[in-house]
Amino acid sequence: MRTTVGIIGAGPAGLLLARLLHQAGVECVVLEARDRAYVERRQRAGLLEQGAADILRDCGAGDRLDREGLLHRGFELRFEGRSHRVDLPSMTGGRTVTIYPQTEVVKDLIALQLVDGPPLLFEAPVIAVEKADSEQPLIRFVRDGREQTLECEFVAGCDGSYGASRRALPADEVRLHERTYPYSWLGILADVPPSCDELVMAGHERGFALQSMRTPAVSRLYLQVPNGTDPNDWSDDRIWDELDVRLAADGWTLQRGPILAKSVSTLRSQVVEPMRYGRLLLAGDAAHLVPPSGAKGMNLALADALTMARGFIHWHGSGSSDLLDHYSDNCLRRVWQAQHFCHEMTTLLHTAPDADGYDRQMQLTRLRRLTRPTAAAAEFAENYAGLPLI
Ligand code: FAS
Ligand code: PHB
């Protein structure tokens, strides 16, 4: 097989990139290791920044998003038993966020691609990316039990943090920055309407808790737990009881319901620099990870895909590689800004195992500034709603 851009991975990054390239007449092929059902049901992110939602609308993937997405103009911070609403539009020039599960973003992009898009090969795991430093990189993948090759002009590594793209990067050509936080998130999906209209984040001294949602009938909630926690050690009642304590506020009741799924994910940050090696360009989790506390993972993946698409489209139309040559720097400015924001959100709202009274006062002092009309609150809101796309 042969194409212009070989895209590895059918997550938000790979699928958006394929959509944008196809619309611009740039040939590409998407190779996805798993089957369609697995990719479409994998529980991941839930929040789209204003810019990310606009990208999806602009490429024709916004119809269901506009029908079913939940537009949020703010969220609540809870600490010391009190609720503080953070209003987004008034501090960000009108920007909002939308609750629209990553599963739905992926379904919408896959549906479009299967009707009118470039080849999307499921159950086609990539085993290697070769000659990335040449002008004819090669992707080796397996399909129908046979090893096959895809020759391309460029490879877009959109295959997450454990994919083949990361493995193709020579250790002496890239730097990996990483941080693993001393706590994890126990996430649940519950068959019960959310007990609030907007997100509620609690920085309780027992630990972080978040009330989010997936639809008006399905809640998504998270609890900070120690690293290494087995979700099976947490009964449904124990989860609801702890959520009750951490999210408590006067005059507010947390509605309980059947828990449909629970899982534990470690909070970690990673950044690969540069996000390119030769003709292999990385996007999304293949290049960076952020703790989910800032809701930036999927949004960064979509922003990378837009930036990469612009570079390929410019190269395809003019022969000039200047946008591609600045791809990594352009993405990393946004990535490090998101890293900084997610680091602040994480350390501000979680209780470290070795935290003492001084640490708690540092958190409360910062939280009080963020919930008053200050420049700090405006910067916080700007970051949460998402910085304008370049
Ligand atoms: P993805 O991981 O989504 O997609 C990569 C694709 O590549 C996958 O379909 C995979 O099957 C495929 N692949 C991997 N190796 C391959 C190979 N060798 N060959 C072919 N295909 C291959 N972000 C938030 O903003 N909020 C959250 O609450 C949140 N929760 C998360 C919970 C979990 C458990 C995880 C793991 C992540 C969470 N994230 C969250 C982050 C998540 O949303 C990612 O940022 C987002 O999926 C990134 O999208 P992609 O870069 O496209 O990578
Ligand atoms: C989610 O719904 O998964 C979510 C929402 C907001 C966050 C983190 C996670 O800040």
# chains A, B, ... in the order shown; residues from 1 in each chain; ligands from 1
>>> closest_atom_pairs(of="chain A", to="ligand 1", cutoff="8 Å", atoms="only C-alpha atoms and all ligand atoms", output="tab-separated table")
residue	atom	partner	partner_atom_place_in_ligand_line	distance
A:Ile8	CA	ligand 1	20 (C)	5.2
A:Gly9	CA	ligand 1	7 (O)	3.3
A:Ala10	CA	ligand 1	9 (O)	4.6
A:Gly11	CA	ligand 1	4 (O)	3.5
A:Pro12	CA	ligand 1	52 (O)	4.0
A:Ala13	CA	ligand 1	52 (O)	3.8
A:Gly14	CA	ligand 1	52 (O)	5.6
A:Leu15	CA	ligand 1	52 (O)	7.5
A:Leu31	CA	ligand 1	20 (C)	5.3
A:Glu32	CA	ligand 1	21 (N)	3.8
A:Ala33	CA	ligand 1	20 (C)	3.8
A:Arg34	CA	ligand 1	11 (O)	5.2
A:Val39	CA	ligand 1	9 (O)	5.4
A:Gln43	CA	ligand 1	32 (C)	6.7
A:Arg44	CA	ligand 1	31 (C)	4.1
A:Ala45	CA	ligand 1	27 (C)	3.5
A:Gly46	CA	ligand 1	26 (N)	5.7
A:Leu47	CA	ligand 1	25 (O)	6.3
A:Leu48	CA	ligand 1	25 (O)	7.9
A:Gln102	CA	ligand 1	43 (O)	6.7
A:Glu123	CA	ligand 1	20 (C)	7.9
A:Ala124	CA	ligand 1	20 (C)	6.1
A:Pro125	CA	ligand 1	19 (N)	3.7
A:Val126	CA	ligand 1	19 (N)	3.8
A:Ile127	CA	ligand 1	18 (N)	5.8
A:Ala128	CA	ligand 1	18 (N)	7.7
A:Phe141	CA	ligand 1	19 (N)	7.3
A:Cys158	CA	ligand 1	51 (O)	5.3
A:Asp159	CA	ligand 1	7 (O)	3.3
A:Gly160	CA	ligand 1	2 (O)	4.1
A:Ser161	CA	ligand 1	2 (O)	7.0
A:Tyr162	CA	ligand 1	15 (N)	6.2
A:Gly163	CA	ligand 1	15 (N)	3.7
A:Ala164	CA	ligand 1	18 (N)	4.5
A:Ser165	CA	ligand 1	18 (N)	7.5
A:Ser263	CA	ligand 1	34 (C)	7.5
A:Val264	CA	ligand 1	34 (C)	7.3
A:Ser265	CA	ligand 1	34 (C)	5.4
A:Ala283	CA	ligand 1	51 (O)	6.0
A:Gly284	CA	ligand 1	51 (O)	3.3
A:Asp285	CA	ligand 1	51 (O)	3.9
A:Ala286	CA	ligand 1	51 (O)	5.9
A:Ala287	CA	ligand 1	51 (O)	7.8
A:Leu289	CA	ligand 1	45 (O)	6.6
A:Val290	CA	ligand 1	41 (C)	7.3
A:Pro291	CA	ligand 1	40 (C)	7.5
A:Pro292	CA	ligand 1	27 (C)	4.4
A:Ser293	CA	ligand 1	26 (N)	7.1
A:Gly294	CA	ligand 1	25 (O)	6.9
A:Ala295	CA	ligand 1	25 (O)	3.5
A:Lys296	CA	ligand 1	25 (O)	4.2
A:Gly297	CA	ligand 1	45 (O)	3.1
A:Met298	CA	ligand 1	45 (O)	4.1
A:Asn299	CA	ligand 1	25 (O)	6.4
A:Leu300	CA	ligand 1	45 (O)	7.1
A:Ala301	CA	ligand 1	51 (O)	4.9
A:Leu302	CA	ligand 1	49 (O)	7.7
>>> closest_atom_pairs(of="range 48-154 of chain A", to="range 307-330 of chain A", cutoff="12 Å", atoms="only C-alpha atoms", output="Markdown table")
| residue | atom | partner | partner_atom | distance |
| --- | --- | --- | --- | --- |
| A:Ile55 | CA | A:Thr307 | CA | 11.1 |
| A:Cys59 | CA | A:Ala309 | CA | 11.9 |
| A:Glu153 | CA | A:Phe312 | CA | 10.3 |
| A:Phe154 | CA | A:Phe312 | CA | 8.9 |
>>> closest_residue(among="A:Leu138, A:Leu210, A:Leu186, A:Val115", to="ligand 2", atoms="only C-alpha atoms and all ligand atoms")
A:Leu210
>>> atom_distance(atom1="CA of Ala171 in chain A", atom2="CA of Arg334 in chain A")
23.7 Å
>>> residues_around(residues="range 377-387 of chain A", least_positions_apart="5", cutoff="10 Å", atoms="only C-alpha atoms", output="count of residues only")
43
>>> residues_around(residues="Ser235 in chain A", least_positions_apart="3", cutoff="12 Å", atoms="only C-alpha atoms", output="ChimeraX atom specification")
/A:186,188,230-232,238-242,258-259,261-262
>>> closest_residue(among="A:Gly187, A:Gly228, A:Gly145, A:Gly157", to="ligand 2", atoms="only C-alpha atoms and all ligand atoms")
A:Gly187
>>> closest_residue(among="A:Ala61, A:His343, A:Glu205, A:Ser83", to="Gly251 in chain A", atoms="only C-alpha atoms")
A:Ser83
>>> closest_residue(among="A:Leu221, A:Ala375, A:Leu260, A:Leu306", to="ligand 2", atoms="only C-alpha atoms and all ligand atoms")
A:Leu221
>>> select_by_dssp(residues="range 148-386 of chain A", states="alpha helix (DSSP H)", output="number ranges by chain")
A: 164-167, 236-247, 297-318, 322-325, 327-349, 357-370, 375-385
